[in-house]
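Shown next, in structure tokens, is the structure this report addresses.
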Amino acid sequence: MDKIFLEWDSLEDLVALIAHGIKDHFIGINYIHGLQRGGMIPGVMLSHILNIPYTSNPELFNPSEVLIVDDICDS
């Protein structure tokens, strides 16, 4: 699979689109965690857009309450 490189504006637009889908379809998400390196930036962005707290310790919460974010989609 070839890599796709995005400009910052495109990343913001895509994160906003994902946030809209989360808001409409995933009730009960109380925390967001981004995997270190690639997932942390979109995770924090989603946290801000959705006004959901970001957590560095997702293991402290019920797994059904935590959205885990990563930047890789290859399988």
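Residue names in the structure tokens use chain letters A, B, ... in the order shown, residue numbers from 1 in each chain, and ligand numbers from 1 in the order shown.
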Close residues, A:Ile27 itself excluded, 10 Å, only C-alpha atoms, min 4 positions apart in chain, as JSON, numbers by chain: {"A": [22, 23, 65]}
Strand (DSSP E) positions in chain A, given as a ChimeraX atom specification: /A:31-34,66-69
Quick one: write out the picked residues with N, CA and C atoms as a tab-separated table (two decimals), in the first residue's frame?
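Okay, out.tsv is ready:
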```
chain	number	residue	atom	x	y	z
A	31	TYR	N	-13.81	9.26	27.06
A	31	TYR	CA	-12.37	9.57	27.07
A	31	TYR	C	-11.80	9.25	25.71
A	32	ILE	N	-10.75	9.97	25.35
A	32	ILE	CA	-10.03	9.72	24.10
A	32	ILE	C	-8.56	9.52	24.44
A	33	HIS	N	-7.96	8.53	23.78
A	33	HIS	CA	-6.53	8.27	23.95
A	33	HIS	C	-5.93	8.08	22.56
A	34	GLY	N	-4.85	8.78	22.28
A	34	GLY	CA	-4.12	8.62	21.03
A	34	GLY	C	-2.84	7.85	21.27
A	66	VAL	N	-13.64	4.39	26.16
A	66	VAL	CA	-12.43	5.02	25.65
A	66	VAL	C	-12.29	4.80	24.14
A	67	LEU	N	-12.14	5.89	23.42
A	67	LEU	CA	-11.84	5.82	22.00
A	67	LEU	C	-10.32	5.85	21.84
A	68	ILE	N	-9.76	4.79	21.24
A	68	ILE	CA	-8.32	4.73	20.99
A	68	ILE	C	-8.08	5.17	19.54
A	69	VAL	N	-7.17	6.14	19.37
A	69	VAL	CA	-6.91	6.73	18.05
A	69	VAL	C	-5.49	6.38	17.61
```
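Nearest to A:Glu12 of all the residues A:Tyr54, A:His48, A:Phe61, A:Asp24 is A:His48, based on only C-alpha atoms.
Across chain A, DSSP run on the backbone finds alpha helix (DSSP H) at Trp8, Asp9, Ser10, Leu11, Glu12, Asp13, Leu14, Val15, Ala16, Leu17, Ile18, Ala19, His20, Gly21, Ile22, Lys23, Asp24, His25, Met40, Ile41, Pro42, Gly43, Val44, Met45, Leu46, Ser47, His48, Ile49 and Leu50 of chain A.
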Those same residues - N, CA and C atoms - I'd like them written as a tab-separated table (two decimals), in the first residue's frame.
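As written to disk, selection-v6.tsv reads:
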```tsv
chain	number	residue	atom	x	y	z
A	8	TRP	N	-1.61	19.97	6.34
A	8	TRP	CA	-2.25	20.20	7.63
A	8	TRP	C	-3.74	20.52	7.48
A	9	ASP	N	-4.11	21.34	6.51
A	9	ASP	CA	-5.52	21.69	6.30
A	9	ASP	C	-6.36	20.45	6.00
A	10	SER	N	-5.81	19.53	5.22
A	10	SER	CA	-6.53	18.29	4.91
A	10	SER	C	-6.71	17.45	6.17
A	11	LEU	N	-5.68	17.40	7.00
A	11	LEU	CA	-5.77	16.66	8.25
A	11	LEU	C	-6.87	17.24	9.14
A	12	GLU	N	-6.92	18.55	9.26
A	12	GLU	CA	-7.97	19.19	10.07
A	12	GLU	C	-9.36	18.86	9.53
A	13	ASP	N	-9.53	18.90	8.22
A	13	ASP	CA	-10.82	18.59	7.61
A	13	ASP	C	-11.22	17.14	7.87
A	14	LEU	N	-10.28	16.22	7.74
A	14	LEU	CA	-10.58	14.80	7.96
A	14	LEU	C	-10.90	14.50	9.42
A	15	VAL	N	-10.16	15.12	10.34
A	15	VAL	CA	-10.44	14.93	11.77
A	15	VAL	C	-11.83	15.48	12.10
A	16	ALA	N	-12.21	16.61	11.52
A	16	ALA	CA	-13.54	17.17	11.75
A	16	ALA	C	-14.62	16.23	11.21
A	17	LEU	N	-14.38	15.61	10.08
A	17	LEU	CA	-15.32	14.64	9.51
A	17	LEU	C	-15.46	13.42	10.42
A	18	ILE	N	-14.34	12.92	10.93
A	18	ILE	CA	-14.37	11.80	11.86
A	18	ILE	C	-15.11	12.19	13.14
A	19	ALA	N	-14.86	13.39	13.64
A	19	ALA	CA	-15.54	13.87	14.86
A	19	ALA	C	-17.05	13.89	14.66
A	20	HIS	N	-17.49	14.32	13.50
A	20	HIS	CA	-18.93	14.35	13.19
A	20	HIS	C	-19.51	12.94	13.26
A	21	GLY	N	-18.81	11.97	12.70
A	21	GLY	CA	-19.26	10.59	12.73
A	21	GLY	C	-19.28	10.02	14.13
A	22	ILE	N	-18.30	10.36	14.93
A	22	ILE	CA	-18.25	9.88	16.32
A	22	ILE	C	-19.42	10.45	17.10
A	23	LYS	N	-19.67	11.73	16.92
A	23	LYS	CA	-20.75	12.39	17.65
A	23	LYS	C	-22.11	11.77	17.31
A	24	ASP	N	-22.29	11.39	16.06
A	24	ASP	CA	-23.57	10.85	15.61
A	24	ASP	C	-23.76	9.36	15.92
A	25	HIS	N	-22.68	8.60	16.01
A	25	HIS	CA	-22.81	7.14	16.06
A	25	HIS	C	-22.20	6.46	17.29
A	40	MET	N	-1.43	10.42	18.59
A	40	MET	CA	-1.60	11.44	19.62
A	40	MET	C	-2.15	12.75	19.04
A	41	ILE	N	-1.65	13.17	17.91
A	41	ILE	CA	-2.10	14.45	17.33
A	41	ILE	C	-3.58	14.39	16.95
A	42	PRO	N	-4.02	13.41	16.15
A	42	PRO	CA	-5.46	13.38	15.85
A	42	PRO	C	-6.31	13.10	17.10
A	43	GLY	N	-5.77	12.35	18.06
A	43	GLY	CA	-6.50	12.10	19.31
A	43	GLY	C	-6.76	13.38	20.09
A	44	VAL	N	-5.75	14.21	20.21
A	44	VAL	CA	-5.91	15.49	20.91
A	44	VAL	C	-6.86	16.40	20.13
A	45	MET	N	-6.74	16.39	18.81
A	45	MET	CA	-7.64	17.21	18.00
A	45	MET	C	-9.09	16.78	18.21
A	46	LEU	N	-9.35	15.47	18.21
A	46	LEU	CA	-10.71	14.97	18.45
A	46	LEU	C	-11.18	15.34	19.84
A	47	SER	N	-10.29	15.25	20.80
A	47	SER	CA	-10.64	15.62	22.18
A	47	SER	C	-11.12	17.07	22.25
A	48	HIS	N	-10.44	17.95	21.56
A	48	HIS	CA	-10.82	19.36	21.56
A	48	HIS	C	-12.14	19.59	20.83
A	49	ILE	N	-12.28	19.00	19.65
A	49	ILE	CA	-13.49	19.21	18.85
A	49	ILE	C	-14.73	18.68	19.58
A	50	LEU	N	-14.59	17.49	20.18
A	50	LEU	CA	-15.73	16.83	20.81
A	50	LEU	C	-15.92	17.23	22.28
```
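Coordinates place atom CA of A:Arg37 at a distance of 12.8 Å from atom CA of A:Ser56.
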